[in-house]
$ cat structure18.json   # JSON, C-alpha atoms
[["chain", "number", "residue", "atom", "x", "y", "z"],
["A", 1, "MET", "CA", 25.81, 126.26, 105.87],
["A", 2, "LYS", "CA", 29.00, 126.35, 107.92],
["A", 3, "ALA", "CA", 32.17, 124.35, 107.26],
["A", 4, "LEU", "CA", 35.73, 124.24, 108.46],
["A", 5, "ALA", "CA", 38.03, 126.93, 107.17],
["A", 6, "PHE", "CA", 41.81, 127.14, 107.43],
["A", 7, "ASN", "CA", 43.85, 130.33, 107.85],
["A", 8, "PRO", "CA", 47.53, 129.57, 107.13],
["A", 9, "GLU", "CA", 48.69, 132.89, 108.59],
["A", 10, "LYS", "CA", 47.55, 131.77, 112.05],
["A", 11, "CYS", "CA", 48.94, 128.23, 111.78],
["A", 12, "ILE", "CA", 52.19, 127.39, 113.59],
["A", 13, "GLY", "CA", 52.55, 123.91, 112.08],
["A", 14, "CYS", "CA", 52.04, 122.02, 115.35],
["A", 15, "LYS", "CA", 49.69, 119.46, 113.73],
["A", 16, "LEU", "CA", 47.66, 119.21, 116.92],
["A", 17, "CYS", "CA", 44.62, 119.30, 114.62],
["A", 18, "HIS", "CA", 45.79, 116.05, 112.97],
["A", 19, "LEU", "CA", 46.20, 114.35, 116.33],
["A", 20, "ALA", "CA", 42.82, 115.59, 117.59],
["A", 21, "CYS", "CA", 41.07, 114.42, 114.41],
["A", 22, "SER", "CA", 42.59, 110.95, 114.38],
["A", 23, "GLY", "CA", 42.07, 110.57, 118.13],
["A", 24, "GLN", "CA", 38.40, 111.50, 117.82],
["A", 25, "ASN", "CA", 37.68, 109.43, 114.73],
["A", 26, "GLU", "CA", 40.08, 106.48, 114.96],
["A", 27, "ASP", "CA", 40.76, 106.17, 118.70],
["A", 28, "GLN", "CA", 44.47, 106.55, 117.98],
["A", 29, "PHE", "CA", 46.80, 109.49, 117.54],
["A", 30, "ASN", "CA", 47.98, 108.96, 113.98],
["A", 31, "PRO", "CA", 48.31, 112.10, 111.82],
["A", 32, "ARG", "CA", 48.06, 110.02, 108.62],
["A", 33, "LEU", "CA", 44.45, 109.21, 109.53],
["A", 34, "ALA", "CA", 43.37, 112.84, 109.98],
["A", 35, "ARG", "CA", 40.55, 114.09, 107.78],
["A", 36, "LEU", "CA", 42.28, 117.37, 107.05],
["A", 37, "ASN", "CA", 45.51, 118.14, 105.28],
["A", 38, "VAL", "CA", 47.96, 120.65, 106.74],
["A", 39, "VAL", "CA", 51.41, 120.54, 105.19],
["A", 40, "TYR", "CA", 54.31, 122.69, 106.20],
["A", 41, "ALA", "CA", 57.89, 123.17, 105.07],
["A", 42, "TYR", "CA", 60.71, 125.34, 106.26],
["A", 43, "ALA", "CA", 62.22, 127.69, 103.71],
["A", 44, "PRO", "CA", 65.03, 130.12, 104.43],
["A", 45, "GLY", "CA", 63.62, 132.56, 106.97],
["A", 46, "GLU", "CA", 60.01, 131.36, 106.91],
["A", 47, "LEU", "CA", 57.55, 128.57, 107.56],
["A", 48, "LYS", "CA", 55.43, 127.79, 104.50],
["A", 49, "ILE", "CA", 52.04, 126.29, 105.33],
["A", 50, "GLU", "CA", 49.29, 124.96, 103.12],
["A", 51, "GLY", "CA", 46.11, 123.54, 104.55],
["A", 52, "HIS", "CA", 42.95, 121.95, 103.28],
["A", 53, "THR", "CA", 39.72, 121.07, 105.04],
["A", 54, "CYS", "CA", 36.42, 119.70, 103.83],
["A", 55, "ASN", "CA", 34.53, 122.55, 102.18],
["A", 56, "LEU", "CA", 31.36, 120.49, 101.70],
["A", 57, "ASP", "CA", 31.46, 120.72, 97.90],
["A", 58, "MET", "CA", 29.75, 117.29, 97.80],
["A", 59, "ALA", "CA", 32.08, 115.77, 95.15],
["A", 60, "CYS", "CA", 32.51, 112.72, 97.39],
["A", 61, "ILE", "CA", 28.75, 112.19, 97.57],
["A", 62, "LYS", "CA", 28.44, 112.35, 93.80],
["A", 63, "ALA", "CA", 31.34, 109.89, 93.37],
["A", 64, "CYS", "CA", 30.12, 107.30, 95.89],
["A", 65, "PRO", "CA", 28.24, 104.54, 94.02],
["A", 66, "THR", "CA", 26.64, 103.04, 97.15],
["A", 67, "GLY", "CA", 25.38, 106.11, 99.01],
["A", 68, "ALA", "CA", 27.80, 105.51, 101.90],
["A", 69, "ILE", "CA", 28.40, 109.29, 102.05],
["A", 70, "GLN", "CA", 25.41, 111.58, 102.44],
["A", 71, "GLU", "CA", 24.77, 115.17, 103.52],
["A", 72, "LYS", "CA", 22.33, 115.92, 106.30],
["A", 73, "ASN", "CA", 21.82, 119.29, 107.96],
["A", 74, "GLY", "CA", 25.08, 120.69, 106.61],
["A", 75, "ARG", "CA", 27.23, 117.77, 107.73],
["A", 76, "LEU", "CA", 28.49, 114.70, 105.95],
["A", 77, "ARG", "CA", 27.37, 111.31, 107.20],
["A", 78, "PHE", "CA", 29.39, 108.21, 106.45],
["A", 79, "ASP", "CA", 28.03, 104.66, 106.71],
["A", 80, "GLU", "CA", 30.95, 102.26, 106.74],
["A", 81, "ASN", "CA", 28.57, 99.33, 106.26],
["A", 82, "LEU", "CA", 27.67, 100.66, 102.80],
["A", 83, "CYS", "CA", 31.27, 101.41, 101.82],
["A", 84, "THR", "CA", 32.72, 98.94, 99.30],
["A", 85, "ASP", "CA", 36.26, 100.33, 99.63],
["A", 86, "CYS", "CA", 36.30, 101.49, 96.00],
["A", 87, "SER", "CA", 38.10, 104.77, 96.91],
["A", 88, "LEU", "CA", 36.21, 106.80, 94.29],
["A", 89, "CYS", "CA", 35.47, 109.41, 96.97],
["A", 90, "VAL", "CA", 39.19, 109.69, 97.77],
["A", 91, "THR", "CA", 39.93, 110.45, 94.12],
["A", 92, "ALA", "CA", 37.00, 112.86, 93.80],
["A", 93, "CYS", "CA", 37.79, 114.95, 96.89],
["A", 94, "PRO", "CA", 39.22, 118.26, 95.62],
["A", 95, "ASN", "CA", 40.96, 119.03, 98.91],
["A", 96, "ARG", "CA", 42.51, 115.59, 99.45],
["A", 97, "VAL", "CA", 40.98, 115.21, 102.90],
["A", 98, "ILE", "CA", 39.29, 111.83, 102.58],
["A", 99, "VAL", "CA", 41.70, 109.30, 104.01],
["A", 100, "LYS", "CA", 42.24, 105.82, 102.61],
["A", 101, "LYS", "CA", 42.51, 103.45, 105.54],
["A", 102, "GLU", "CA", 43.50, 99.81, 105.77],
["A", 103, "ARG", "CA", 39.81, 99.00, 105.40],
["A", 104, "GLY", "CA", 37.51, 101.68, 104.05],
["A", 105, "VAL", "CA", 37.96, 105.43, 104.15],
["A", 106, "GLY", "CA", 37.87, 108.26, 106.66],
["A", 107, "VAL", "CA", 35.50, 111.09, 105.80],
["A", 108, "CYS", "CA", 35.35, 114.46, 107.57],
["A", 109, "VAL", "CA", 31.94, 114.65, 109.21],
["A", 110, "GLN", "CA", 32.46, 118.23, 110.43],
["A", 111, "CYS", "CA", 32.83, 117.17, 114.08],
["A", 112, "PHE", "CA", 35.01, 120.28, 114.57],
["A", 113, "THR", "CA", 37.36, 118.53, 117.03],
["A", 114, "CYS", "CA", 40.34, 119.80, 115.06],
["A", 115, "ALA", "CA", 39.19, 123.40, 115.40],
["A", 116, "ASN", "CA", 38.45, 122.98, 119.09],
["A", 117, "TRP", "CA", 42.04, 121.86, 119.71],
["A", 118, "CYS", "CA", 43.76, 124.42, 117.44],
["A", 119, "PRO", "CA", 45.76, 126.65, 119.80],
["A", 120, "THR", "CA", 45.96, 129.62, 117.41],
["A", 121, "GLY", "CA", 42.50, 129.73, 115.83],
["A", 122, "ALA", "CA", 43.82, 128.74, 112.40],
["A", 123, "LEU", "CA", 40.82, 126.43, 112.04],
["A", 124, "THR", "CA", 37.39, 128.04, 112.28],
["A", 125, "PHE", "CA", 33.79, 127.54, 111.17],
["A", 126, "GLU", "CA", 32.68, 129.79, 108.36],
["A", 127, "GLU", "CA", 29.69, 130.12, 106.10],
["A", 128, "VAL", "CA", 30.23, 128.43, 102.70],
["A", 129, "THR", "CA", 28.22, 128.59, 99.52],
["A", 130, "ASN", "CA", 28.22, 125.77, 96.99]]
$ encode --input "structure18.json" --output "structure tokens"
Amino acid sequence: MKALAFNPEKCIGCKLCHLACSGQNEDQFNPRLARLNVVYAYAPGELKIEGHTCNLDMACIKACPTGAIQEKNGRLRFDENLCTDCSLCVTACPNRVIVKKERGVGVCVQCFTCANWCPTGALTFEEVTN
């Protein structure tokens, strides 16, 4: 199955992926609501970048007591009506890409909007094995 992959050597730290993700999923451009985690810092002479995307390891599904998060055809599905706002999925996510919102959570459903808007190809789809 394919999932998002992040290549820090191609990233320029523009965070357009964060804006695209939050715009697609929340109808607002708010990087704090993005379902990926790209962090950058300037060090003397270089830009240090670390990024995390959902690798479909299914830890969130196992942690969810209500079945609000499920996998279907290689993509996560999230049913906000089943979510009790317990945040166990946020804690379980190894890549810290499930977002705690004012009400509920934001789960990456592999919509690939972030990769489509990445100007450098730092975000791609790659085969993963779990």
$ atom_distance --input "structure18.json" --atom1 "CA of Ala68 in chain A" --atom2 "CA of Cys114 in chain A"
23.1 Å
$ closest_residue --input "structure18.json" --among "A:Cys60, A:Ala92, A:Cys17, A:Ala43" --to "Pro31 in chain A" --atoms "all atoms listed in the file"
A:Cys17
$ closest_residue --input "structure18.json" --among "A:Ala63, A:Leu76, A:Cys86, A:Cys14" --to "Cys108 in chain A" --atoms "only C-alpha atoms"
A:Leu76
$ closest_residue --input "structure18.json" --among "A:Leu33, A:Val38, A:Val105, A:Cys64" --to "Cys11 in chain A" --atoms "all atoms listed in the file"
A:Val38
$ atom_distance --input "structure18.json" --atom1 "CA of Met58 in chain A" --atom2 "CA of Thr124 in chain A"
19.6 Å
$ closest_residue --input "structure18.json" --among "A:Lys62, A:Phe29, A:Ile49, A:Leu56" --to "Gly74 in chain A" --atoms "only C-alpha atoms"
A:Leu56
$ closest_residue --input "structure18.json" --among "A:Glu126, A:Glu26, A:Glu46, A:Glu80" --to "Phe112 in chain A" --atoms "only C-alpha atoms"
A:Glu126
$ closest_residue --input "structure18.json" --among "A:Ala3, A:Val39, A:Val99, A:Cys93" --to "Asn25 in chain A" --atoms "only C-alpha atoms"
A:Val99
$ atom_distance --input "structure18.json" --atom1 "CA of Ala122 in chain A" --atom2 "CA of Asn95 in chain A"
16.9 Å
$ residues_around --input "structure18.json" --residues "Met1 in chain A" --least-positions-apart "6" --cutoff "12 Å" --atoms "all atoms listed in the file" --output "PyMOL selection string"
chain A and resi 55-57+71-76+110+125-130
$ residues_near_point --input "structure18.json" --point "(36.6, 106.9, 100.8)" --cutoff "6 Å" --atoms "only C-alpha atoms" --output "VMD selection string"
chain A and resid 87 89 to 90 98 105
$ residues_around --input "structure18.json" --residues "Arg96 in chain A" --least-positions-apart "4" --cutoff "8 Å" --atoms "only C-alpha atoms" --output "count of residues only"
5
$ axis_aligned_box --input "structure18.json" --around "range 92-100 of chain A" --padding-each-side "8 Å" --output "JSON"
{"center_x": 39.8, "center_y": 112.4, "center_z": 98.9, "size_x": 21.5, "size_y": 29.2, "size_z": 26.2}
$ residues_around --input "structure18.json" --residues "Pro65 in chain A" --least-positions-apart "4" --cutoff "9 Å" --atoms "only C-alpha atoms" --output "JSON, numbers by chain"
{"A": [61, 83, 84, 86, 88]}
$ residues_around --input "structure18.json" --residues "Ala115 in chain A" --least-positions-apart "2" --cutoff "10 Å" --atoms "all atoms listed in the file" --output "NGL selection string"
:A and (4-6 or 16-17 or 20-21 or 110-113 or 117-125)
